[in-house]
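Peer 1: Supplied structure: upload.cif, mmCIF, C-alpha atoms and all ligand atoms; chains and numbers go by the auth columns.
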```cif
data_protein
loop_
_atom_site.group_PDB
_atom_site.id
_atom_site.type_symbol
_atom_site.label_atom_id
_atom_site.label_comp_id
_atom_site.label_asym_id
_atom_site.label_seq_id
_atom_site.Cartn_x
_atom_site.Cartn_y
_atom_site.Cartn_z
_atom_site.B_iso_or_equiv
_atom_site.auth_seq_id
_atom_site.auth_asym_id
ATOM 1 C CA MET A 1 -187.854 -50.393 -65.435 0.00 20 A
ATOM 2 C CA ILE A 2 -188.469 -53.897 -66.725 0.00 21 A
ATOM 3 C CA VAL A 3 -187.895 -56.252 -63.816 0.00 22 A
ATOM 4 C CA ALA A 4 -186.644 -59.801 -64.335 0.00 23 A
ATOM 5 C CA GLU A 5 -185.083 -62.579 -62.321 0.00 24 A
ATOM 6 C CA GLN A 6 -182.759 -65.375 -63.281 0.00 25 A
ATOM 7 C CA LYS A 7 -184.115 -68.820 -64.081 0.00 26 A
ATOM 8 C CA PRO A 8 -182.848 -71.666 -61.884 0.00 27 A
ATOM 9 C CA LEU A 9 -179.379 -72.831 -62.911 0.00 28 A
ATOM 10 C CA GLU A 10 -180.569 -76.389 -63.541 0.00 29 A
ATOM 11 C CA GLN A 11 -183.232 -75.134 -65.952 0.00 30 A
ATOM 12 C CA ILE A 12 -180.623 -73.147 -67.870 0.00 31 A
ATOM 13 C CA ARG A 13 -178.302 -76.161 -67.940 0.00 32 A
ATOM 14 C CA LYS A 14 -181.124 -78.271 -69.364 0.00 33 A
ATOM 15 C CA MET A 15 -181.890 -75.719 -72.084 0.00 34 A
ATOM 16 C CA LEU A 16 -178.242 -75.683 -73.139 0.00 35 A
ATOM 17 C CA ALA A 17 -177.745 -79.470 -72.952 0.00 36 A
ATOM 18 C CA GLU A 18 -177.190 -79.989 -76.671 0.00 37 A
ATOM 19 C CA HIS A 19 -174.649 -77.174 -77.036 0.00 38 A
ATOM 20 C CA LYS A 20 -170.879 -77.049 -76.585 0.00 39 A
ATOM 21 C CA LYS A 21 -170.032 -73.378 -77.057 0.00 40 A
ATOM 22 C CA VAL A 22 -172.366 -70.693 -75.757 0.00 41 A
ATOM 23 C CA LEU A 23 -172.163 -66.904 -75.617 0.00 42 A
ATOM 24 C CA ALA A 24 -173.836 -65.401 -72.540 0.00 43 A
ATOM 25 C CA VAL A 25 -175.017 -61.865 -73.351 0.00 44 A
ATOM 26 C CA GLY A 26 -175.960 -59.351 -70.700 0.00 45 A
ATOM 27 C CA CYS A 27 -177.890 -56.134 -71.189 0.00 46 A
ATOM 28 C CA GLY A 28 -176.731 -52.800 -69.812 0.00 47 A
ATOM 29 C CA THR A 29 -180.066 -51.227 -69.070 0.00 48 A
ATOM 30 C CA CYS A 30 -183.112 -52.408 -67.014 0.00 49 A
ATOM 31 C CA VAL A 31 -181.795 -55.855 -66.093 0.00 50 A
ATOM 32 C CA THR A 32 -178.495 -54.354 -64.986 0.00 51 A
ATOM 33 C CA VAL A 33 -180.333 -51.974 -62.682 0.00 52 A
ATOM 34 C CA CYS A 34 -182.424 -54.804 -61.191 0.00 53 A
ATOM 35 C CA PHE A 35 -179.329 -57.013 -60.783 0.00 54 A
ATOM 36 C CA SER A 36 -180.470 -59.891 -62.975 0.00 55 A
ATOM 37 C CA GLY A 37 -178.672 -59.445 -66.313 0.00 56 A
ATOM 38 C CA GLY A 38 -175.770 -57.021 -65.911 0.00 57 A
ATOM 39 C CA ALA A 39 -172.049 -57.711 -66.324 0.00 58 A
ATOM 40 C CA LYS A 40 -171.763 -59.061 -62.779 0.00 59 A
ATOM 41 C CA GLU A 41 -174.659 -61.484 -63.215 0.00 60 A
ATOM 42 C CA VAL A 42 -173.350 -62.611 -66.625 0.00 61 A
ATOM 43 C CA GLY A 43 -169.999 -63.377 -65.004 0.00 62 A
ATOM 44 C CA ILE A 44 -171.510 -65.287 -62.083 0.00 63 A
ATOM 45 C CA LEU A 45 -173.910 -67.305 -64.257 0.00 64 A
ATOM 46 C CA SER A 46 -171.213 -68.126 -66.825 0.00 65 A
ATOM 47 C CA SER A 47 -168.873 -69.345 -64.082 0.00 66 A
ATOM 48 C CA ALA A 48 -171.661 -71.405 -62.517 0.00 67 A
ATOM 49 C CA LEU A 49 -172.449 -73.005 -65.883 0.00 68 A
ATOM 50 C CA ARG A 50 -168.807 -73.804 -66.549 0.00 69 A
ATOM 51 C CA MET A 51 -168.282 -75.254 -63.080 0.00 70 A
ATOM 52 C CA SER A 52 -171.480 -77.294 -62.910 0.00 71 A
ATOM 53 C CA SER A 53 -171.049 -78.702 -66.421 0.00 72 A
ATOM 54 C CA GLY A 54 -167.391 -79.486 -65.640 0.00 73 A
ATOM 55 C CA LEU A 55 -168.408 -81.351 -62.480 0.00 74 A
ATOM 56 C CA ASP A 56 -170.811 -83.405 -64.590 0.00 75 A
ATOM 57 C CA GLY A 57 -168.095 -84.182 -67.107 0.00 76 A
ATOM 58 C CA GLU A 58 -169.656 -82.020 -69.822 0.00 77 A
ATOM 59 C CA ALA A 59 -167.186 -79.424 -71.035 0.00 78 A
ATOM 60 C CA LEU A 60 -169.537 -76.534 -71.783 0.00 79 A
ATOM 61 C CA GLU A 61 -167.655 -73.518 -73.050 0.00 80 A
ATOM 62 C CA VAL A 62 -169.347 -70.294 -71.962 0.00 81 A
ATOM 63 C CA ASP A 63 -168.005 -66.890 -72.947 0.00 82 A
ATOM 64 C CA GLU A 64 -169.400 -63.560 -71.827 0.00 83 A
ATOM 65 C CA THR A 65 -170.249 -60.248 -73.384 0.00 84 A
ATOM 66 C CA MET A 66 -172.394 -57.192 -72.725 0.00 85 A
ATOM 67 C CA VAL A 67 -174.690 -55.184 -74.983 0.00 86 A
ATOM 68 C CA GLN A 68 -175.885 -51.755 -73.949 0.00 87 A
ATOM 69 C CA ARG A 69 -179.451 -52.484 -75.096 0.00 88 A
ATOM 70 C CA GLN A 70 -180.329 -55.887 -76.544 0.00 89 A
ATOM 71 C CA CYS A 71 -183.686 -54.565 -77.721 0.00 90 A
ATOM 72 C CA GLU A 72 -182.093 -52.305 -80.348 0.00 91 A
ATOM 73 C CA THR A 73 -180.399 -54.107 -83.212 0.00 92 A
ATOM 74 C CA GLU A 74 -177.895 -51.312 -83.789 0.00 93 A
ATOM 75 C CA TYR A 75 -176.212 -52.474 -80.581 0.00 94 A
ATOM 76 C CA LEU A 76 -176.132 -56.092 -81.837 0.00 95 A
ATOM 77 C CA GLU A 77 -174.642 -55.384 -85.246 0.00 96 A
ATOM 78 C CA PRO A 78 -171.059 -54.778 -84.005 0.00 97 A
ATOM 79 C CA LEU A 79 -171.129 -58.273 -82.466 0.00 98 A
ATOM 80 C CA ALA A 80 -171.842 -60.096 -85.747 0.00 99 A
ATOM 81 C CA ASP A 81 -168.382 -61.743 -85.943 0.00 100 A
ATOM 82 C CA LYS A 82 -168.501 -62.724 -82.294 0.00 101 A
ATOM 83 C CA PHE A 83 -171.981 -64.284 -82.531 0.00 102 A
ATOM 84 C CA ALA A 84 -170.764 -66.408 -85.475 0.00 103 A
ATOM 85 C CA GLU A 85 -168.259 -68.200 -83.207 0.00 104 A
ATOM 86 C CA TYR A 86 -170.949 -69.804 -81.018 0.00 105 A
ATOM 87 C CA ASP A 87 -173.535 -72.497 -81.538 0.00 106 A
ATOM 88 C CA ALA A 88 -176.002 -70.860 -79.121 0.00 107 A
ATOM 89 C CA VAL A 89 -176.648 -67.563 -77.369 0.00 108 A
ATOM 90 C CA LEU A 90 -177.854 -67.285 -73.779 0.00 109 A
ATOM 91 C CA SER A 91 -179.504 -63.909 -73.329 0.00 110 A
ATOM 92 C CA LEU A 92 -179.654 -62.272 -69.931 0.00 111 A
ATOM 93 C CA GLY A 93 -181.866 -59.562 -71.381 0.00 112 A
ATOM 94 C CA CYS A 94 -185.599 -59.237 -70.844 0.00 113 A
ATOM 95 C CA GLY A 95 -187.982 -61.067 -73.168 0.00 114 A
ATOM 96 C CA VAL A 96 -187.717 -58.205 -75.646 0.00 115 A
ATOM 97 C CA GLY A 97 -183.934 -58.539 -75.728 0.00 116 A
ATOM 98 C CA VAL A 98 -184.129 -62.305 -76.276 0.00 117 A
ATOM 99 C CA GLN A 99 -186.512 -61.836 -79.199 0.00 118 A
ATOM 100 C CA SER A 100 -184.418 -59.058 -80.629 0.00 119 A
ATOM 101 C CA ILE A 101 -181.310 -61.293 -80.685 0.00 120 A
ATOM 102 C CA ALA A 102 -183.321 -64.229 -82.071 0.00 121 A
ATOM 103 C CA GLN A 103 -184.612 -62.036 -84.893 0.00 122 A
ATOM 104 C CA HIS A 104 -181.088 -60.768 -85.519 0.00 123 A
ATOM 105 C CA LEU A 105 -179.632 -64.306 -85.640 0.00 124 A
ATOM 106 C CA PRO A 106 -182.172 -66.386 -87.562 0.00 125 A
ATOM 107 C CA GLU A 107 -179.913 -69.446 -87.740 0.00 126 A
ATOM 108 C CA THR A 108 -178.808 -69.513 -84.088 0.00 127 A
ATOM 109 C CA ARG A 109 -180.674 -70.885 -81.076 0.00 128 A
ATOM 110 C CA VAL A 110 -181.207 -68.111 -78.531 0.00 129 A
ATOM 111 C CA TYR A 111 -182.198 -68.999 -74.964 0.00 130 A
ATOM 112 C CA PRO A 112 -183.670 -66.874 -72.161 0.00 131 A
ATOM 113 C CA ALA A 113 -181.688 -66.948 -68.931 0.00 132 A
ATOM 114 C CA LEU A 114 -184.231 -64.702 -67.191 0.00 133 A
ATOM 115 C CA ASN A 115 -187.904 -64.713 -66.396 0.00 134 A
ATOM 116 C CA THR A 116 -189.191 -61.267 -67.330 0.00 135 A
ATOM 117 C CA THR A 117 -191.717 -60.376 -64.694 0.00 136 A
ATOM 118 C CA PHE A 118 -193.110 -56.843 -64.719 0.00 137 A
ATOM 119 C CA MET A 119 -192.611 -53.111 -65.118 0.00 138 A
ATOM 120 C CA GLY A 120 -191.862 -51.782 -61.697 0.00 139 A
ATOM 121 C CA MET A 121 -189.533 -50.048 -59.300 0.00 140 A
ATOM 122 C CA PRO A 122 -187.334 -50.820 -56.316 0.00 141 A
ATOM 123 C CA THR A 123 -189.153 -50.000 -53.080 0.00 142 A
ATOM 124 C CA GLU A 124 -186.299 -50.927 -50.753 0.00 143 A
ATOM 125 C CA GLN A 125 -182.920 -52.602 -51.117 0.00 144 A
ATOM 126 C CA GLY A 126 -183.547 -55.963 -52.778 0.00 145 A
ATOM 127 C CA VAL A 127 -187.296 -55.472 -53.314 0.00 146 A
ATOM 128 C CA TRP A 128 -189.021 -54.577 -56.596 0.00 147 A
ATOM 129 C CA GLU A 129 -192.750 -54.042 -57.015 0.00 148 A
ATOM 130 C CA GLU A 130 -195.000 -53.900 -60.045 0.00 149 A
ATOM 131 C CA ARG A 131 -196.281 -50.478 -61.008 0.00 150 A
ATOM 132 C CA CYS A 132 -197.564 -50.634 -64.592 0.00 151 A
ATOM 133 C CA GLN A 133 -199.044 -53.228 -66.947 0.00 152 A
ATOM 134 C CA GLY A 134 -198.793 -51.065 -70.037 0.00 153 A
ATOM 135 C CA CYS A 135 -202.569 -50.842 -70.530 0.00 154 A
ATOM 136 C CA GLY A 136 -202.126 -48.175 -73.221 0.00 155 A
ATOM 137 C CA ASN A 137 -204.709 -45.833 -71.710 0.00 156 A
ATOM 138 C CA CYS A 138 -203.267 -44.390 -68.513 0.00 157 A
ATOM 139 C CA VAL A 139 -205.649 -43.288 -65.757 0.00 158 A
ATOM 140 C CA LEU A 140 -203.112 -42.144 -63.170 0.00 159 A
ATOM 141 C CA HIS A 141 -204.411 -38.560 -63.404 0.00 160 A
ATOM 142 C CA ILE A 142 -207.770 -39.789 -62.075 0.00 161 A
ATOM 143 C CA THR A 143 -206.428 -42.087 -59.371 0.00 162 A
ATOM 144 C CA GLY A 144 -203.868 -39.892 -57.661 0.00 163 A
ATOM 145 C CA GLY A 145 -200.859 -41.485 -59.331 0.00 164 A
ATOM 146 C CA ILE A 146 -201.704 -44.999 -58.115 0.00 165 A
ATOM 147 C CA CYS A 147 -202.370 -47.578 -60.805 0.00 166 A
ATOM 148 C CA PRO A 148 -205.502 -49.678 -60.273 0.00 167 A
ATOM 149 C CA VAL A 149 -204.540 -51.972 -63.162 0.00 168 A
ATOM 150 C CA SER A 150 -201.261 -53.164 -61.689 0.00 169 A
ATOM 151 C CA ARG A 151 -201.772 -52.506 -57.978 0.00 170 A
ATOM 152 C CA CYS A 152 -205.371 -53.588 -57.323 0.00 171 A
ATOM 153 C CA SER A 153 -205.436 -57.398 -57.319 0.00 172 A
ATOM 154 C CA LYS A 154 -208.833 -57.366 -59.053 0.00 173 A
ATOM 155 C CA GLN A 155 -208.114 -54.415 -61.348 0.00 174 A
ATOM 156 C CA LEU A 156 -211.142 -52.616 -59.953 0.00 175 A
ATOM 157 C CA PHE A 157 -211.993 -49.150 -61.197 0.00 176 A
ATOM 158 C CA ASN A 158 -214.776 -48.080 -58.916 0.00 177 A
ATOM 159 C CA GLY A 159 -213.355 -48.307 -55.423 0.00 178 A
ATOM 160 C CA PRO A 160 -212.312 -51.017 -53.007 0.00 179 A
ATOM 161 C CA CYS A 161 -213.815 -54.463 -52.890 0.00 180 A
ATOM 162 C CA GLY A 162 -215.230 -55.979 -49.697 0.00 181 A
ATOM 163 C CA GLY A 163 -211.892 -57.624 -48.972 0.00 182 A
ATOM 164 C CA SER A 164 -210.084 -54.384 -48.208 0.00 183 A
ATOM 165 C CA GLN A 165 -209.130 -54.595 -44.516 0.00 184 A
ATOM 166 C CA ALA A 166 -207.389 -51.830 -42.580 0.00 185 A
ATOM 167 C CA GLY A 167 -205.494 -50.721 -45.651 0.00 186 A
ATOM 168 C CA HIS A 168 -204.469 -54.224 -46.740 0.00 187 A
ATOM 169 C CA CYS A 169 -205.554 -56.186 -49.771 0.00 188 A
ATOM 170 C CA GLU A 170 -207.333 -59.433 -49.043 0.00 189 A
ATOM 171 C CA ILE A 171 -204.791 -61.417 -51.043 0.00 190 A
ATOM 172 C CA ASP A 172 -202.093 -60.872 -48.438 0.00 191 A
ATOM 173 C CA GLU A 173 -201.279 -58.565 -45.563 0.00 192 A
ATOM 174 C CA ALA A 174 -198.066 -57.366 -47.195 0.00 193 A
ATOM 175 C CA THR A 175 -200.027 -55.955 -50.138 0.00 194 A
ATOM 176 C CA PRO A 176 -201.556 -52.535 -49.546 0.00 195 A
ATOM 177 C CA CYS A 177 -205.070 -52.014 -50.861 0.00 196 A
ATOM 178 C CA ALA A 178 -204.631 -49.902 -53.968 0.00 197 A
ATOM 179 C CA TRP A 179 -208.000 -48.233 -53.529 0.00 198 A
ATOM 180 C CA GLN A 180 -207.285 -47.328 -49.920 0.00 199 A
ATOM 181 C CA MET A 181 -204.147 -45.618 -51.226 0.00 200 A
ATOM 182 C CA VAL A 182 -206.098 -43.881 -53.995 0.00 201 A
ATOM 183 C CA TRP A 183 -208.623 -42.611 -51.461 0.00 202 A
ATOM 184 C CA GLU A 184 -205.986 -41.346 -49.050 0.00 203 A
ATOM 185 C CA ARG A 185 -203.892 -39.716 -51.749 0.00 204 A
ATOM 186 C CA MET A 186 -206.824 -37.957 -53.406 0.00 205 A
ATOM 187 C CA GLY A 187 -208.022 -36.875 -49.943 0.00 206 A
ATOM 188 C CA ALA A 188 -204.602 -35.418 -49.116 0.00 207 A
ATOM 189 C CA LEU A 189 -204.690 -33.523 -52.406 0.00 208 A
ATOM 190 C CA GLY A 190 -208.205 -32.217 -51.658 0.00 209 A
ATOM 191 C CA LEU A 191 -209.527 -34.033 -54.710 0.00 210 A
ATOM 192 C CA ILE A 192 -212.201 -36.344 -53.282 0.00 211 A
ATOM 193 C CA ASP A 193 -214.917 -34.568 -55.298 0.00 212 A
ATOM 194 C CA GLU A 194 -212.926 -35.251 -58.452 0.00 213 A
ATOM 195 C CA LEU A 195 -212.442 -38.888 -57.453 0.00 214 A
ATOM 196 C CA MET A 196 -216.191 -39.289 -56.958 0.00 215 A
ATOM 197 C CA GLU A 197 -216.978 -38.138 -60.500 0.00 216 A
ATOM 198 C CA VAL A 198 -218.455 -40.976 -62.538 0.00 217 A
ATOM 199 C CA GLN A 199 -216.034 -42.042 -65.246 0.00 218 A
ATOM 200 C CA PRO A 200 -216.903 -43.743 -68.525 0.00 219 A
ATOM 201 C CA PRO A 201 -215.907 -47.429 -68.802 0.00 220 A
ATOM 202 C CA LYS A 202 -212.187 -47.819 -69.428 0.00 221 A
ATOM 203 C CA ASP A 203 -211.233 -48.422 -73.035 0.00 222 A
ATOM 204 C CA TRP A 204 -209.381 -51.753 -72.950 0.00 223 A
ATOM 205 C CA SER A 205 -208.896 -51.870 -76.718 0.00 224 A
ATOM 206 C CA THR A 206 -205.425 -50.405 -76.169 0.00 225 A
ATOM 207 C CA SER A 207 -204.496 -53.246 -73.820 0.00 226 A
ATOM 208 C CA ARG A 208 -203.546 -56.873 -74.506 0.00 227 A
ATOM 209 C CA ASP A 209 -207.025 -57.808 -75.733 0.00 228 A
ATOM 210 C CA GLY A 210 -206.335 -56.258 -79.123 0.00 229 A
ATOM 211 C CA GLY A 211 -203.311 -58.478 -79.906 0.00 230 A
ATOM 212 C CA PRO A 212 -199.688 -57.362 -80.217 0.00 231 A
ATOM 213 C CA ARG A 213 -199.555 -53.600 -80.020 0.00 232 A
ATOM 214 C CA ARG A 214 -197.644 -51.222 -82.220 0.00 233 A
ATOM 215 C CA ILE A 215 -196.910 -47.524 -82.006 0.00 234 A
ATOM 216 C CA VAL A 216 -196.168 -45.728 -85.249 0.00 235 A
ATOM 217 C CA ARG A 217 -194.765 -42.188 -85.088 0.00 236 A
ATOM 218 C CA GLU A 218 -194.930 -40.862 -88.646 0.00 237 A
ATOM 219 C CA ASP A 219 -192.884 -37.815 -87.615 0.00 238 A
ATOM 220 C CA LEU A 220 -189.963 -40.090 -86.687 0.00 239 A
ATOM 221 C CA ARG A 221 -190.100 -42.571 -89.558 0.00 240 A
ATOM 222 C CA LEU A 222 -187.581 -42.565 -92.364 0.00 241 A
ATOM 223 C CA PRO A 223 -188.942 -42.555 -95.907 0.00 242 A
ATOM 224 C CA SER A 224 -188.953 -46.017 -97.460 0.00 243 A
ATOM 225 C CA GLU A 225 -187.295 -46.640 -100.825 0.00 244 A
ATOM 226 C CA ASP A 226 -190.716 -46.701 -102.489 0.00 245 A
ATOM 227 C CA GLU A 227 -191.728 -43.311 -101.221 0.00 246 A
ATOM 228 C CA ASP A 228 -192.106 -40.150 -103.219 0.00 247 A
ATOM 229 C CA TYR A 229 -189.319 -37.679 -102.354 0.00 248 A
ATOM 230 C CA GLY A 230 -191.050 -34.667 -103.811 0.00 249 A
ATOM 231 C CA GLU A 231 -190.564 -35.125 -107.536 0.00 250 A
ATOM 232 C CA ASP A 232 -193.743 -35.509 -109.508 0.00 251 A
ATOM 233 C CA THR A 233 -193.421 -38.998 -110.938 0.00 252 A
ATOM 234 C CA GLY A 234 -196.892 -38.956 -112.380 0.00 253 A
ATOM 235 C CA ASP A 235 -197.566 -42.155 -110.460 0.00 254 A
ATOM 236 C CA ASP A 236 -200.399 -41.399 -108.002 0.00 255 A
ATOM 237 C CA ALA A 237 -200.218 -44.837 -106.395 0.00 256 A
ATOM 238 C CA ALA A 238 -196.564 -44.299 -105.429 0.00 257 A
ATOM 239 C CA GLU A 239 -197.458 -40.996 -103.737 0.00 258 A
ATOM 240 C CA ASP A 240 -199.975 -42.748 -101.483 0.00 259 A
ATOM 241 C CA VAL A 241 -197.430 -45.085 -99.932 0.00 260 A
ATOM 242 C CA ALA A 242 -197.168 -44.316 -96.196 0.00 261 A
HETATM 243 S S1 LIG B . -203.162 -47.042 -65.871 0.00 301 A
HETATM 244 FE FE1 LIG B . -202.247 -48.326 -67.481 0.00 301 A
HETATM 245 S S2 LIG B . -200.543 -47.127 -68.344 0.00 301 A
HETATM 246 FE FE2 LIG B . -201.153 -46.151 -66.397 0.00 301 A
HETATM 247 S S3 LIG B . -199.749 -47.026 -64.884 0.00 301 A
HETATM 248 FE FE3 LIG B . -201.596 -48.322 -64.894 0.00 301 A
HETATM 249 S S4 LIG B . -201.230 -49.962 -66.371 0.00 301 A
HETATM 250 FE FE4 LIG B . -199.675 -48.374 -66.682 0.00 301 A
HETATM 251 S S1 LIG B . -208.553 -55.267 -51.313 0.00 302 A
HETATM 252 FE FE1 LIG B . -208.077 -53.383 -52.453 0.00 302 A
HETATM 253 S S2 LIG B . -206.318 -53.924 -53.783 0.00 302 A
HETATM 254 FE FE2 LIG B . -207.180 -55.844 -53.031 0.00 302 A
HETATM 255 S S3 LIG B . -208.574 -56.461 -54.633 0.00 302 A
HETATM 256 FE FE3 LIG B . -209.798 -55.306 -53.145 0.00 302 A
HETATM 257 S S4 LIG B . -209.779 -53.185 -53.853 0.00 302 A
HETATM 258 FE FE4 LIG B . -208.158 -54.281 -54.981 0.00 302 A
#
```
Go through the file and emit its structure as structure tokens.
Ligand code: SF4
Ligand code: SF4
Peer 2:
Amino acid sequence: MIVAEQKPLEQIRKMLAEHKKVLAVGCGTCVTVCFSGGAKEVGILSSALRMSSGLDGEALEVDETMVQRQCETEYLEPLADKFAEYDAVLSLGCGVGVQSIAQHLPETRVYPALNTTFMGMPTEQGVWEERCQGCGNCVLHITGGICPVSRCSKQLFNGPCGGSQAGHCEIDEATPCAWQMVWERMGALGLIDELMEVQPPKDWSTSRDGGPRRIVREDLRLPSEDEDYGEDTGDDAAEDVA
């Protein structure tokens, strides 16, 4: 899941300072599961904003709503009339949700109530840990299901650094050494020989270095209006449109 946490209340108050009527919008997926942007958190934050602004003599009107997935505009469209009633939107979605609403409402200020932090998982009640950085070229099959990109502090690919101590990473005792875990896991699977095989350098062109990434699935795309639907128009250029 995408893991996020709420910004400090004072920071949110400051962002909203110039507004009088704000719609707080939660998201029903990842941020609900990690307890940062679900219906309960929207309710608590909205109440806190109303109370704190009231105490300061600023009557900030904050209403609440939920969207199943802010990152898909089809879920935003039914709220068009509602959005029009407010002079700002406070999104409790992840950064993708905030941008999705901002794109959907070009004339409305949209503010992030959360700090989107990582892709991860809960490891115990109240604790989430990073597990993937979306490098676009997954190597988990080589490393025993343990990600060296997100779990090794130095993103090493050829074994532990000299700071690995008794299974802990040198950055802090609470952080297990990813490469110790890789070694133990591959050993338990009887795959040490496979682990010792020399791998080619990782292709990072699929990662952030190449700019904003995009996946295009031609098998899922709908034909655009310009596309050829099968009739021979005699216009070769039109038939080449992807
Ligand atoms: S190797 Fe890349 S895609 Fe696979 S888990 Fe790690 S960061 Fe994510
Ligand atoms: S101690 Fe382990 S996890 Fe930490 S940087 Fe070194 S190899 Fe990576």
Peer 1: Any chance you could tabulate, as JSON lines, the residues of chain A at most 8 Å from ligand LIG 301 (chain A) with each one's nearest atom pair and distance in Å to one decimal, using all atoms listed in the file, in chain and rising number order?
Peer 2:
```
{"residue": "A:Arg150", "atom": "CA", "partner": "A:LIG301", "partner_atom": "S3", "distance": 6.2}
{"residue": "A:Cys151", "atom": "CA", "partner": "A:LIG301", "partner_atom": "FE4", "distance": 3.7}
{"residue": "A:Gln152", "atom": "CA", "partner": "A:LIG301", "partner_atom": "S4", "distance": 4.0}
{"residue": "A:Gly153", "atom": "CA", "partner": "A:LIG301", "partner_atom": "FE4", "distance": 4.4}
{"residue": "A:Cys154", "atom": "CA", "partner": "A:LIG301", "partner_atom": "FE1", "distance": 4.0}
{"residue": "A:Gly155", "atom": "CA", "partner": "A:LIG301", "partner_atom": "S2", "distance": 5.2}
{"residue": "A:Asn156", "atom": "CA", "partner": "A:LIG301", "partner_atom": "FE1", "distance": 5.5}
{"residue": "A:Cys157", "atom": "CA", "partner": "A:LIG301", "partner_atom": "FE2", "distance": 3.5}
{"residue": "A:Val158", "atom": "CA", "partner": "A:LIG301", "partner_atom": "S1", "distance": 4.5}
{"residue": "A:Leu159", "atom": "CA", "partner": "A:LIG301", "partner_atom": "FE2", "distance": 5.5}
{"residue": "A:Gly164", "atom": "CA", "partner": "A:LIG301", "partner_atom": "S3", "distance": 7.9}
{"residue": "A:Ile165", "atom": "CA", "partner": "A:LIG301", "partner_atom": "S3", "distance": 7.3}
{"residue": "A:Cys166", "atom": "CA", "partner": "A:LIG301", "partner_atom": "FE3", "distance": 4.2}
{"residue": "A:Pro167", "atom": "CA", "partner": "A:LIG301", "partner_atom": "FE3", "distance": 6.2}
{"residue": "A:Val168", "atom": "CA", "partner": "A:LIG301", "partner_atom": "FE3", "distance": 5.0}
{"residue": "A:Ser169", "atom": "CA", "partner": "A:LIG301", "partner_atom": "S4", "distance": 5.7}
```
Peer 1: As a list in words, please: the residues near segment 196-199 of chain A (cut-off 7 Å, all atoms listed in the file, same-chain neighbours under 6 positions excluded).
Peer 2: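 Residues near the query, excluding close chain neighbours: Pro167, Arg170, Cys171, Gly178, Pro179, Ser183, Gly186, His187 and Cys188 of chain A.
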Peer 1: If the box runs along x, y and z of the file and leaves 5 Å on each side of ligand LIG 302 (chain A), what are its centre and edge lengths in Å, one decimal, as JSON?
Peer 2:
```
{"center_x": -208.1, "center_y": -54.8, "center_z": -53.1, "size_x": 13.5, "size_y": 13.3, "size_z": 13.7}
```
Peer 1: Hey, which of A:Pro141, A:Gly45, A:Ile31, A:Gln174 ends up closest to Trp223 of chain A? Count only C-alpha atoms.
Peer 2: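 Checking each candidate against Trp223 of chain A, we get A:Gln174 as the closest.
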Peer 1: When you draw a straight line from atom CA of Asp106 of chain A to atom CA of Leu42 of chain A, how long is it in Å?
Peer 2: 8.3 Å
Peer 1: Nearest to ligand LIG 302 (chain A): which of A:Lys40, A:Arg88, A:Lys101, A:Lys173 is it, counting all atoms listed in the file?
Peer 2: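 For ligand LIG 302 (chain A), the nearest of the candidates is A:Lys173.
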Peer 1: Could you give me, as a list of chain:residue names, the residues within 12 Å of Ala67 of chain A, counting only C-alpha atoms and dropping anything in the same chain fewer than 6 positions from it?
Peer 2: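 So, after excluding close chain neighbours, the residues are A:Pro27, A:Leu28, A:Glu29, A:Ile31, A:Arg32, A:Ala43, A:Glu60, A:Val61, A:Gly73, A:Leu74, A:Leu79, A:Glu80, A:Val81, A:Asp82.
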Peer 1: Would you please work out which residue, of A:Gly56, A:Pro195, A:Gly229, A:Gly62, is nearest to ligand LIG 302 (chain A) when using all atoms listed in the file?
Peer 2: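 Ranking A:Gly56, A:Pro195, A:Gly229, A:Gly62 by distance to ligand LIG 302 (chain A), first place goes to A:Pro195.
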Peer 1: Please measure the separation of atom FE4 of ligand LIG 302 (chain A) and atom CA of Cys180 of chain A, giving the value in Å to one decimal.
Peer 2: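 Here the two named atoms are 6.0 Å from each other.
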Peer 1: In Å, with one decimal, what is the gap from atom CA of Gln89 of chain A to atom CA of Val115 of chain A?
Peer 2: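 Calculated distance between atom CA of Gln89 of chain A and atom CA of Val115 of chain A is 7.8 Å.
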Peer 1: Just checking: using all atoms listed in the file, which residue out of A:Met34, A:Glu143, A:Asp191, A:Val201 ends up closest to Leu175 of chain A?
Peer 2: A:Val201
Peer 1: Within 10 Å of Glu213 of chain A, counting only C-alpha atoms, which residues qualify if same-chain residues fewer than 6 places away don't, as a ChimeraX atom specification?
Peer 2: /A:161-162,205-206
Peer 1: Around the point (-180.4, -68.1, -81.9) in the file's coordinates, collect all residues with an atom within 12 Å, using all atoms listed in the file, and return them as a VMD selection string.
Peer 2: chain A and resid 35 38 41 to 44 102 to 103 105 to 110 116 to 131
Peer 1: What lies within 9 Å of Val22 of chain A using all atoms listed in the file, ignoring chain neighbours under 2 positions off, as a VMD selection string?
Peer 2: chain A and resid 20 24 49 to 50 52 to 53 55 113 134 to 140 147 to 149
Peer 1: Go through A:Ile190, A:Ala58, A:Cys90, A:Met70 and flag the residue nearest ligand LIG 302 (chain A), using only C-alpha atoms and all ligand atoms for the distances.
Peer 2: A:Ile190
Peer 1: Using all atoms listed in the file, pick whichever of A:Ile21, A:Gln30, A:Trp202, A:Lys39 has the shortest atom-to-atom distance to Thr51 of chain A.
Peer 2: A:Ile21
